[in-house]
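Undergrad: The following block contains the structure, expressed as structure tokens.
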Number of protein chains: 2
Amino acid sequence: MTRQRFSCVGRPAHRVDAADKVRGEARFLADLRFQGMWEAAVATPPVAHALVRRITIPPVDRAEGVAMVAADVPGINQIGIVQRDQPLLVSDRVRSAGDRLAIVAAPTRAAARALADAVSADLKPLPVVEDVRHAMSADAPSIHEGGNIVARLQVVRGDIDAAFAQADVIVEGEYRTGCQEHAYLEPQGAVAVPGVDGRMVVYSTCQCPFYVRRAVADVLGYPQSMVRVVQACTGGAFGGKEDYPSEVAACAALLATASGHPVRLVYDRAEDFRWSTKRHRTVITHRLAATSSGRMLGMQIEALYDAGAYAGLSVVVAERGNSSACGPYGLTAVDVHTTIVYTNGLFGGAFRGFGAPQVTFATERQVDELARRLAIDPVLLREMNLWRSGSVTASGEVLTGSVPVLQTLRRAVRAAGYRPRRLDTKHERVLRGVGVATSYYGSNLHKGGERHDRSHARVTINADGSVNVAVGLTEMGQGLLTAVAQIVAEELGVDKERVVVAHVDTDAVQDSGPTVASRGTIMAGMPTRRAAAALRLRMVRTVRREGIADADIRQGMVVSRSSGQVMTWDDLVGLCYAQRVEMSATGFYRPPPRPYDATTGQGRPYAVNSYTTHIAEVEVDEGTGLVRLVRVTAVHDVGRVIFPEGLRGQIEGGIVQGAGYALFESLVTRGGILHNPGFTDYVVPGIADTPHIRMEVIEQPWKGGPFGAKGIGEPSLIGVAAAIGNAVSDAVGVPVREIPLTPERVLWLLHDRQ
Amino acid sequence: MTRQRFSCVGRPAHRVDAADKVRGEARFLADLRFQGMWEAAVATPPVAHALVRRITIPPVDRAEGVAMVAADVPGINQIGIVQRDQPLLVSDRVRSAGDRLAIVAAPTRAAARALADAVSADLKPLPVVEDVRHAMSADAPSIHEGGNIVARLQVVRGDIDAAFAQADVIVEGEYRTGCQEHAYLEPQGAVAVPGVDGRMVVYSTCQCPFYVRRAVADVLGYPQSMVRVVQACTGGAFGGKEDYPSEVAACAALLATASGHPVRLVYDRAEDFRWSTKRHRTVITHRLAATSSGRMLGMQIEALYDAGAYAGLSVVVAERGNSSACGPYGLTAVDVHTTIVYTNGLFGGAFRGFGAPQVTFATERQVDELARRLAIDPVLLREMNLWRSGSVTASGEVLTGSVPVLQTLRRAVRAAGYRPRRLDTKHERVLRGVGVATSYYGSNLHKGGERHDRSHARVTINADGSVNVAVGLTEMGQGLLTAVAQIVAEELGVDKERVVVAHVDTDAVQDSGPTVASRGTIMAGMPTRRAAAALRLRMVRTVRREGIADADIRQGMVVSRSSGQVMTWDDLVGLCYAQRVEMSATGFYRPPPRPYDATTGQGRPYAVNSYTTHIAEVEVDEGTGLVRLVRVTAVHDVGRVIFPEGLRGQIEGGIVQGAGYALFESLVTRGGILHNPGFTDYVVPGIADTPHIRMEVIEQPWKGGPFGAKGIGEPSLIGVAAAIGNAVSDAVGVPVREIPLTPERVLWLLHDRQ
């Protein structure tokens, strides 16, 4: 790889939003105040499944508050992002403990809460469906008309029966993964401000302001042009602020319209735990066929995703799991069936990894089980079967160009000092294990979301040489604003400090799709780079018209081989303004369309894959069952590093969040009601749980990303639970088939071993 | 003229902002509230000219308020828009009663006022210079180092001595015009809100948000990228909100930085009268040479503009007066000298007409004086001398193409039923008169402002078919938002109700120059039309790729000659979104550069002229001196009518405001201090003073404007005072040489006649 010289891209950089956040000056949603602002609250049912006979709102004086029920919604009382199966306010049926019987607003939060508590409902409870297999059975009550199947997806390629018939060994297992709470620092919230000119302005802590705009317009019965959504400084998201913020914003906007006041709805932590979306619970049945020499032949996978009571994004999430279920392995036949199922449980939604961590856990565990059965080292087994250039994927795609998956594995093995477990010594009550997981992820949207796959940006150079950038993708803590500032500065040839990138405002750019699928850097970077390139070209042409034929811009100076430093950036901007050069440019980016057949899962689901190997080393306490994650090595194929500190933050954060998913985080429900809605009983990793982290990156620029960058947000997490599962299996000597690996569950494993 | 069929342009239309304004829901500056907002006040001196020995600020607790003096300004303590002669806060010298000794902010308006009142200054009074001629004399105190001449301008062409030598008749006169208060409904104001990410967000009632942005950035020492200016709903401007809002906003922003609070500074009516800019007082010496047959040969003009204590926009204002001083008449030689002079009087600034009403008054009065001397009917005299295609202007420009000035005169004469005064009957104590004035105005900026003469806009079609438009020019009551909505709707082929045009936000578009010089419709219309045309083309191409080769968009439908109505607008937008067509486009407009020599005033000062004839009919009460304006006929060359009701509003408003200027409005100062700062003592026309108005338009599309439109804002006023002056002269039989024609002044004229 020839490395270009960059002055901003890939260089150490201060986060542009760091100072504000460190000083406590950043204004998150709960910090926003508007004159005359009211607070909202939500009345929810005491049960997760019931018929509604009547909802009674207490009489309320207009000055003291407003309350709305389904009948009061002026637009469409539907909030489902993909399917119209979810009323914003329920009227005849409760399907989830997060359903809204009524929403209220009052001058204070306490008054709003009291008003919500005074809402009563005459409910006829129905049997609660909590398990996906039960939900799929004939005797389960139908949560929606038409039954409990949301959708079925599949990937079918080759002759699966022949593959299994040909196999010397077949590894079978049923894997279960639990829900996970996003545990973002800032809970859900929105403020709706009835604006000038009859418009509704919504401030939202969110990933996808354009989704929020559509939802608000729909429930208000407004055209989208009359709704403006401004992303507030957003304190974390992890997928949890993809779809759910639309519900919060829609409630605030309805109450703002009803009351005439700005209305804020901010969840407390317990509400956020109870009502917002979670990582999908899955049950995955996995069969892996291989030869005795370790050549994998086929996989037969049935994955059940628990959607909860409404479709939400479940089909979209499961679609990614479906496409990547077989991992980065060459197989002669695959047979993947994914079913998304309604239950009355927690609401499944987008979460970092988007359905992939679950199937990756199952498949990577199966690969290790195969290694154990064949007594082949798991690394060697992977080396034998991982994709190369020319390999055919489960989707039937022939991989060409750079496929650095094997490199991630080999670099990780070297970096981790990986040695098979046999060389480890046993020490007192501590069992040591090491686990490898190789994973891949399609950067950017799956083919199924192709219609959203375009982005828009605007770069404006002001008369004083400062630069404003508007993008359609959101900063939620991952460092996007900084990466974009670096990209624009690099392209323009100025210092990054000149560049100010604004939070998304739906008035500022065209709908650029959601900030999900690790697409932020790509989809904000490409159009901003294009816009900056257009401006640079105009400026260079302007100075060249002044007679300096080889002038170019470098590091804030106009330089020429013949004349040296010709003028400063400020002078150049002045010259362009004097000549009335257009000093604002937009960029648009639309990845090329790809072939894909959804009925068979064949084609090109993704524009590009990025590859990862995680190696986890654990210590398991035989007495307590406690797993200590000692060290994680991560090697990522990233295309190009833009913002090194941001990249490191993502990789470390993904490991820690993945470790929580693998080891601690357990949402306990009974009858569809969450019993541990808070950080006291829902344990997320703390600093003491953070392993030693070693990371390396492979930079092979991808032409579809800005300066070659791929996404990193999700790859950082996807393989972590799988690696930890493999490490714990390695340590305890029995197959791990379920996460989280809480001490109780590990003790049962140790018990099984004996 | 072949008239195209339009579905929006030129059709009757509801103002898009009418409903909000009628219902009282529009939020003007004083309606804006922010949490924790403080109010500001200004401490001004009791005299208009003094040396400052010391300014004393009372001690003030940080929780109770903040006060700033010149030394506290973190950036540049200069607010002059063209020249750096005006400190925002004075420190060593008071030159004007509107100077700021200190600015203060406190939690309430009363506390702020009290704090400002407690500011004391040890001043050493200096002689106050009130008269331009005195200011220019050798014995006048120098208000600035370098003397009292701000600038000198001229237009020199031909052999003026020969023209006068050749003349049979020379008409001479000295004309004086008074100051005029803009009398917008909403006084000056701004709110500065310290924003997220260290930015300063300023809400401003203004014409030129980009001027405000620059001024705020300069005084704060910020790059422009860190300042965002959002135009609040603006209740009138008339030029008074071109430059002055920068002063108000800069004060609010400084105090917001100092206090950490949002800070609002809103003037009460008296403050606004005292401190804000006015129409320039002028003294114009005019000599007109002609043959005995009525052929005008030359004009020799000396125009003195009273700038007040600072340059402000005075040179720019006077530049327009300078270029158009000789009116739309063919002359063999011109000799115009314009001098802008410092005094300690009221602050001269931009005002509808921009220096032209003053010189138009003088020149049109002179033409009537010549007619009287030659006993030629004033209309006939004008007909003989007005420009035709091929005429050479005072600037040496050979007029080509459409020069419909004579048409405006003839249409006005017909429409008014004009007959020479001699046919009028005298009735009791009432003298009747009729006066004609023909005027012209260069639509858009003078060559001197060419660097600002570009504009940017953005049109976005949302997925639901609604349309958002961002422009860089402001709605201040004139109807711009509606005209732009019509232009975009016309170009796209949809209903105007689909289109939402936002108030200017400096984050939304590139600096598009000021909204002045009757350039709003042109400079907002051209780039929005271009952006809409680009979108339309993309959409039409998209549907044509579907196999309908002759598809086009008309009135919200896709139509084809072969297939009839193919699909709806909504379906077309859906198709485009499905295919990820870029649905946002920007437009940029830069009128071509023009040759101009500022030292001689020769070249092309304007891109295009628009022509007007006003005919005024008055009744003068011989007993009281009261002038009743009975009827005004206005014929305008407008290029193309976009928004008929808006056009009518401008034409009627210009007449009424011009009548106030001609008849009533008088700002009385003594020692540079204004003595009638309010509507009790400063009389503006009321409904009873409104004449019968008859208007006609000539539509000859101009290729430089959207659908052919020229500007109308200022032409509606420029000739009004001249026509009224001529009518009163006609009625009383003696030359009118000064406005306003208050009853007292008219009684003196009647006294002179006897």
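To be explicit about the labels: the chains of the structure tokens are called A, B, and onward in the order shown, and within each one the residues are counted from 1, while ligands get numbers from 1 in the order they are shown.
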Can you pull out every residue within 7 Å of segment 81-84 of chain B, counting only C-alpha atoms, but drop anything in the same chain fewer than 3 positions away, and send it as a PyMOL selection string?

TA: chain B and resi 78+243+311-313

Undergrad: Any chance you can output those residues with all heavy atoms as a PDB file, in the first residue's frame?

TA:
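Okay, this is what ended up in part.pdb:
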```
ATOM      1  N   GLN B  78     -15.331  48.383  16.617  1.00  0.00           N
ATOM      2  CA  GLN B  78     -15.674  49.188  15.444  1.00  0.00           C
ATOM      3  C   GLN B  78     -16.915  48.580  14.819  1.00  0.00           C
ATOM      4  O   GLN B  78     -16.992  47.360  14.670  1.00  0.00           O
ATOM      5  CB  GLN B  78     -14.532  49.173  14.421  1.00  0.00           C
ATOM      6  CG  GLN B  78     -13.407  50.140  14.745  1.00  0.00           C
ATOM      7  CD  GLN B  78     -13.821  51.597  14.620  1.00  0.00           C
ATOM      8  OE1 GLN B  78     -14.783  51.927  13.917  1.00  0.00           O
ATOM      9  NE2 GLN B  78     -13.122  52.473  15.341  1.00  0.00           N
ATOM     10  N   ASP B 243     -28.180  48.556   7.930  1.00  0.00           N
ATOM     11  CA  ASP B 243     -26.910  48.642   8.654  1.00  0.00           C
ATOM     12  C   ASP B 243     -27.106  48.668  10.159  1.00  0.00           C
ATOM     13  O   ASP B 243     -26.367  48.031  10.902  1.00  0.00           O
ATOM     14  CB  ASP B 243     -26.110  49.859   8.188  1.00  0.00           C
ATOM     15  CG  ASP B 243     -26.952  51.142   8.143  1.00  0.00           C
ATOM     16  OD1 ASP B 243     -28.202  51.053   8.162  1.00  0.00           O
ATOM     17  OD2 ASP B 243     -26.358  52.239   8.091  1.00  0.00           O
ATOM     18  N   ALA B 311     -19.691  57.610   8.975  1.00  0.00           N
ATOM     19  CA  ALA B 311     -19.910  57.366   7.554  1.00  0.00           C
ATOM     20  C   ALA B 311     -21.082  56.409   7.325  1.00  0.00           C
ATOM     21  O   ALA B 311     -21.908  56.628   6.443  1.00  0.00           O
ATOM     22  CB  ALA B 311     -18.639  56.794   6.919  1.00  0.00           C
ATOM     23  N   GLY B 312     -21.131  55.360   8.139  1.00  0.00           N
ATOM     24  CA  GLY B 312     -22.205  54.381   7.935  1.00  0.00           C
ATOM     25  C   GLY B 312     -22.281  53.981   6.474  1.00  0.00           C
ATOM     26  O   GLY B 312     -21.259  53.708   5.836  1.00  0.00           O
ATOM     27  N   LEU B 313     -23.489  53.995   5.930  1.00  0.00           N
ATOM     28  CA  LEU B 313     -23.694  53.662   4.527  1.00  0.00           C
ATOM     29  C   LEU B 313     -23.782  54.896   3.645  1.00  0.00           C
ATOM     30  O   LEU B 313     -24.182  54.806   2.475  1.00  0.00           O
ATOM     31  CB  LEU B 313     -24.979  52.858   4.370  1.00  0.00           C
ATOM     32  CG  LEU B 313     -24.904  51.361   4.707  1.00  0.00           C
ATOM     33  CD1 LEU B 313     -26.299  50.793   4.885  1.00  0.00           C
ATOM     34  CD2 LEU B 313     -24.162  50.612   3.609  1.00  0.00           C
TER      35      LEU B 313
END
```

Undergrad: Given only C-alpha atoms, how would the per-residue table for chain B near chain A read, listing every residue at most 8 Å away with its closest atom pair and distance in Å to one decimal, sorted by chain and number, as a tab-separated table?

TA:
```
residue	atom	partner	partner_atom	distance
B:Asp17	CA	A:Asp197	CA	6.6
B:Asp20	CA	A:Asp197	CA	6.1
B:Glu25	CA	A:Val196	CA	7.5
B:Ala26	CA	A:Val196	CA	6.0
B:Arg27	CA	A:Val196	CA	6.3
B:Arg33	CA	A:Gln35	CA	5.7
B:Phe34	CA	A:Gln35	CA	5.5
B:Gln35	CA	A:Gln35	CA	5.5
B:Val196	CA	A:Ala26	CA	6.0
B:Asp197	CA	A:Asp20	CA	6.2
B:Gly198	CA	A:Asp20	CA	7.4
B:Pro223	CA	A:Ser466	CA	6.1
B:Gln224	CA	A:Ser466	CA	6.3
B:Ser225	CA	A:Ser466	CA	5.5
B:Met226	CA	A:Val500	CA	7.4
B:Arg451	CA	A:Ala578	CA	5.2
B:His452	CA	A:Arg580	CA	7.5
B:Asp453	CA	A:Arg580	CA	7.4
B:Arg454	CA	A:Arg580	CA	6.4
B:Thr460	CA	A:Gln510	CA	6.4
B:Asn462	CA	A:Gln224	CA	6.8
B:Asp464	CA	A:Gln224	CA	6.7
B:Ser466	CA	A:Ser225	CA	5.5
B:Val467	CA	A:Ser225	CA	5.9
B:Asn468	CA	A:Ser225	CA	5.6
B:Val499	CA	A:Ser225	CA	7.7
B:Val500	CA	A:Ser225	CA	6.4
B:Asp507	CA	A:Asn468	CA	7.6
B:Ala508	CA	A:Ala508	CA	5.7
B:Val509	CA	A:Ser584	CA	7.6
B:Gln510	CA	A:Ser584	CA	5.9
B:Asp511	CA	A:Asn462	CA	7.7
B:Tyr577	CA	A:Arg451	CA	6.9
B:Ala578	CA	A:Arg451	CA	5.2
B:Gln579	CA	A:Arg451	CA	6.8
B:Arg580	CA	A:Arg451	CA	6.2
B:Glu582	CA	A:Phe588	CA	6.9
B:Met583	CA	A:Gln510	CA	7.0
B:Ser584	CA	A:Gln510	CA	5.9
B:Thr586	CA	A:Thr586	CA	7.6
B:Phe588	CA	A:Glu582	CA	6.9
B:Arg590	CA	A:Arg580	CA	7.1
```

Undergrad: From a backbone DSSP assignment, name each residue in segment 465-581 of chain B labelled strand (DSSP E), as a list in words.

TA: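 Put together, the selection reads Val467, Asn468, Val469, Ala470, Val471, Val499, Val500, Val501, Ala502, Asp552, Ile553, Arg554, Met557, Val558, Val559, Ser560, Gly564, Gln565, Val566, Met567 and Thr568 of chain B.
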
Undergrad: Using DSSP assignments from the backbone, pull out every residue in segment 390-518 of chain B that falls under alpha helix (DSSP H) and give it to me as a list in words.

TA: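 Filtering segment 390-518 of chain B to alpha helix (DSSP H) leaves Val405, Leu406, Gln407, Thr408, Leu409, Arg410, Arg411, Ala412, Val413, Arg414, Ala415, Ala416, Leu480, Leu481, Thr482, Ala483, Val484, Ala485, Gln486, Ile487, Val488, Ala489, Glu490, Glu491 and Leu492 of chain B.
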
Undergrad: Those residues with N, CA and C atoms, as an mmCIF file, in the first residue's frame please?

TA:
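Everything below was put into out_7.cif:
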```
data_model
loop_
_atom_site.group_PDB
_atom_site.id
_atom_site.type_symbol
_atom_site.label_atom_id
_atom_site.label_comp_id
_atom_site.auth_asym_id
_atom_site.auth_seq_id
_atom_site.Cartn_x
_atom_site.Cartn_y
_atom_site.Cartn_z
ATOM 1 N N VAL B 405 -39.561 54.348 -20.591
ATOM 2 C CA VAL B 405 -39.840 55.481 -19.711
ATOM 3 C C VAL B 405 -40.946 56.382 -20.269
ATOM 4 N N LEU B 406 -40.882 56.601 -21.585
ATOM 5 C CA LEU B 406 -41.907 57.439 -22.207
ATOM 6 C C LEU B 406 -43.281 56.781 -22.095
ATOM 7 N N GLN B 407 -43.272 55.455 -22.169
ATOM 8 C CA GLN B 407 -44.537 54.733 -22.001
ATOM 9 C C GLN B 407 -45.132 54.960 -20.623
ATOM 10 N N THR B 408 -44.245 54.973 -19.594
ATOM 11 C CA THR B 408 -44.806 55.195 -18.250
ATOM 12 C C THR B 408 -45.444 56.568 -18.182
ATOM 13 N N LEU B 409 -44.812 57.545 -18.821
ATOM 14 C CA LEU B 409 -45.361 58.906 -18.795
ATOM 15 C C LEU B 409 -46.709 58.959 -19.525
ATOM 16 N N ARG B 410 -46.724 58.392 -20.712
ATOM 17 C CA ARG B 410 -47.962 58.482 -21.511
ATOM 18 C C ARG B 410 -49.098 57.699 -20.864
ATOM 19 N N ARG B 411 -48.771 56.515 -20.345
ATOM 20 C CA ARG B 411 -49.815 55.734 -19.672
ATOM 21 C C ARG B 411 -50.311 56.461 -18.431
ATOM 22 N N ALA B 412 -49.403 57.128 -17.730
ATOM 23 C CA ALA B 412 -49.802 57.836 -16.516
ATOM 24 C C ALA B 412 -50.691 59.021 -16.853
ATOM 25 N N VAL B 413 -50.318 59.743 -17.918
ATOM 26 C CA VAL B 413 -51.112 60.899 -18.334
ATOM 27 C C VAL B 413 -52.533 60.469 -18.702
ATOM 28 N N ARG B 414 -52.605 59.359 -19.411
ATOM 29 C CA ARG B 414 -53.919 58.853 -19.804
ATOM 30 C C ARG B 414 -54.696 58.375 -18.575
ATOM 31 N N ALA B 415 -54.022 57.605 -17.741
ATOM 32 C CA ALA B 415 -54.701 57.032 -16.573
ATOM 33 C C ALA B 415 -55.154 58.110 -15.597
ATOM 34 N N ALA B 416 -54.366 59.157 -15.482
ATOM 35 C CA ALA B 416 -54.692 60.218 -14.525
ATOM 36 C C ALA B 416 -55.700 61.211 -15.091
ATOM 37 N N LEU B 480 -41.628 38.949 -0.033
ATOM 38 C CA LEU B 480 -40.606 38.155 -0.726
ATOM 39 C C LEU B 480 -40.869 36.656 -0.632
ATOM 40 N N LEU B 481 -41.248 36.188 0.559
ATOM 41 C CA LEU B 481 -41.440 34.741 0.724
ATOM 42 C C LEU B 481 -42.501 34.231 -0.239
ATOM 43 N N THR B 482 -43.528 35.034 -0.424
ATOM 44 C CA THR B 482 -44.611 34.636 -1.321
ATOM 45 C C THR B 482 -44.138 34.626 -2.765
ATOM 46 N N ALA B 483 -43.411 35.677 -3.150
ATOM 47 C CA ALA B 483 -42.915 35.741 -4.527
ATOM 48 C C ALA B 483 -41.991 34.555 -4.821
ATOM 49 N N VAL B 484 -41.137 34.227 -3.870
ATOM 50 C CA VAL B 484 -40.222 33.100 -4.069
ATOM 51 C C VAL B 484 -41.009 31.792 -4.164
ATOM 52 N N ALA B 485 -42.008 31.636 -3.302
ATOM 53 C CA ALA B 485 -42.828 30.419 -3.368
ATOM 54 C C ALA B 485 -43.487 30.309 -4.737
ATOM 55 N N GLN B 486 -43.947 31.429 -5.276
ATOM 56 C CA GLN B 486 -44.572 31.406 -6.609
ATOM 57 C C GLN B 486 -43.562 31.023 -7.693
ATOM 58 N N ILE B 487 -42.376 31.588 -7.584
ATOM 59 C CA ILE B 487 -41.340 31.309 -8.588
ATOM 60 C C ILE B 487 -40.964 29.839 -8.566
ATOM 61 N N VAL B 488 -40.761 29.308 -7.364
ATOM 62 C CA VAL B 488 -40.369 27.893 -7.247
ATOM 63 C C VAL B 488 -41.508 26.991 -7.714
ATOM 64 N N ALA B 489 -42.723 27.320 -7.296
ATOM 65 C CA ALA B 489 -43.875 26.495 -7.687
ATOM 66 C C ALA B 489 -44.049 26.522 -9.205
ATOM 67 N N GLU B 490 -43.899 27.706 -9.784
ATOM 68 C CA GLU B 490 -44.027 27.828 -11.243
ATOM 69 C C GLU B 490 -42.999 26.953 -11.951
ATOM 70 N N GLU B 491 -41.771 27.038 -11.484
ATOM 71 C CA GLU B 491 -40.693 26.321 -12.148
ATOM 72 C C GLU B 491 -40.839 24.805 -11.973
ATOM 73 N N LEU B 492 -41.264 24.402 -10.780
ATOM 74 C CA LEU B 492 -41.409 22.961 -10.536
ATOM 75 C C LEU B 492 -42.673 22.399 -11.170
#
```

Undergrad: Find the residues near His675 of chain B: any atom within 12 Å, counting only C-alpha atoms, skip ones fewer than 4 places away on the same chain, and give them as an MDAnalysis selection string.

TA: chainID B and resid 97 270:271 273:274 346 666:671 679:682

Undergrad: Find the residues around segment 357-364 of chain B up to 6 Å (only C-alpha atoms counted), leave out those fewer than 3 positions away in its own chain, and share them as a CSV table (one decimal) with N, CA and C atoms, in the first residue's frame.

TA:
```
chain,number,residue,atom,x,y,z
B,175,TYR,N,-32.2,73.3,-3.4
B,175,TYR,CA,-33.3,72.5,-2.9
B,175,TYR,C,-32.9,71.8,-1.6
B,325,ALA,N,-28.7,61.5,-10.4
B,325,ALA,CA,-29.1,62.9,-10.2
B,325,ALA,C,-29.8,63.6,-11.3
B,353,GLY,N,-35.1,54.1,-1.6
B,353,GLY,CA,-34.8,55.1,-2.6
B,353,GLY,C,-33.3,55.4,-2.6
B,367,VAL,N,-37.2,70.6,-13.8
B,367,VAL,CA,-37.9,70.4,-15.1
B,367,VAL,C,-39.2,71.2,-15.1
B,437,ALA,N,-43.9,63.5,-12.1
B,437,ALA,CA,-42.5,63.2,-11.9
B,437,ALA,C,-42.2,61.9,-12.6
B,718,ILE,N,-39.7,56.8,-5.1
B,718,ILE,CA,-38.7,57.8,-5.5
B,718,ILE,C,-39.2,59.1,-6.1
B,722,ALA,N,-41.3,64.4,-5.5
B,722,ALA,CA,-41.1,65.3,-6.6
B,722,ALA,C,-42.5,65.6,-7.3
```

Undergrad: Env of Pro514 of chain A: 7 Å cut, atoms = only C-alpha atoms, seq-sep filter 3 positions within chain, self excluded. Answer as a list in words.

TA: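 After dropping sequence-adjacent residues, the list is Gln207, Cys208 and Leu473 of chain A.
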
Undergrad: Let's have the selection written as a tab-separated table (two decimals), in the first residue's frame, with N, CA, C and O atoms.

TA:
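Resulting contents of part-v2.tsv:
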```tsv
chain	number	residue	atom	x	y	z
A	207	GLN	N	-30.44	9.55	16.39
A	207	GLN	CA	-29.51	9.21	15.32
A	207	GLN	C	-30.04	9.63	13.95
A	207	GLN	O	-29.28	9.78	13.02
A	208	CYS	N	-31.36	9.72	13.83
A	208	CYS	CA	-31.97	9.81	12.50
A	208	CYS	C	-33.02	10.91	12.46
A	208	CYS	O	-34.22	10.65	12.49
A	473	LEU	N	-25.79	13.41	8.61
A	473	LEU	CA	-25.57	12.29	9.53
A	473	LEU	C	-25.16	12.82	10.89
A	473	LEU	O	-24.58	13.90	11.00
```

Undergrad: Calculated over only C-alpha atoms, which of the candidates A:Pro245, A:Gly603, A:Gly574, A:Gly327 has the smallest distance to Lys447 of chain A?

TA: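 With only C-alpha atoms as the atom set, the closest residue is A:Gly603.
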
Undergrad: Give me, as a ChimeraX atom specification, all polymer residues having an atom no more than 8 Å from His446 of chain B, counting only C-alpha atoms and skipping those fewer than 4 positions away in the same chain.

TA: /B:319-320,442,450,605-606

Undergrad: Could the residues in this selection be written to a file with C-alpha atoms, as a compact mmCIF listing (two decimals), in the first residue's frame?

TA:
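again.txt, freshly written:
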```
# COMPACT_ATOMS: atom_id res chain seq x y z
CA GLU B 319 -23.45 57.01 -4.75
CA ARG B 320 -26.90 56.10 -6.04
CA GLY B 442 -31.28 50.86 -11.16
CA GLU B 450 -20.70 44.71 -7.08
CA PRO B 605 -23.72 51.84 -12.74
CA TYR B 606 -26.71 49.49 -12.94
```
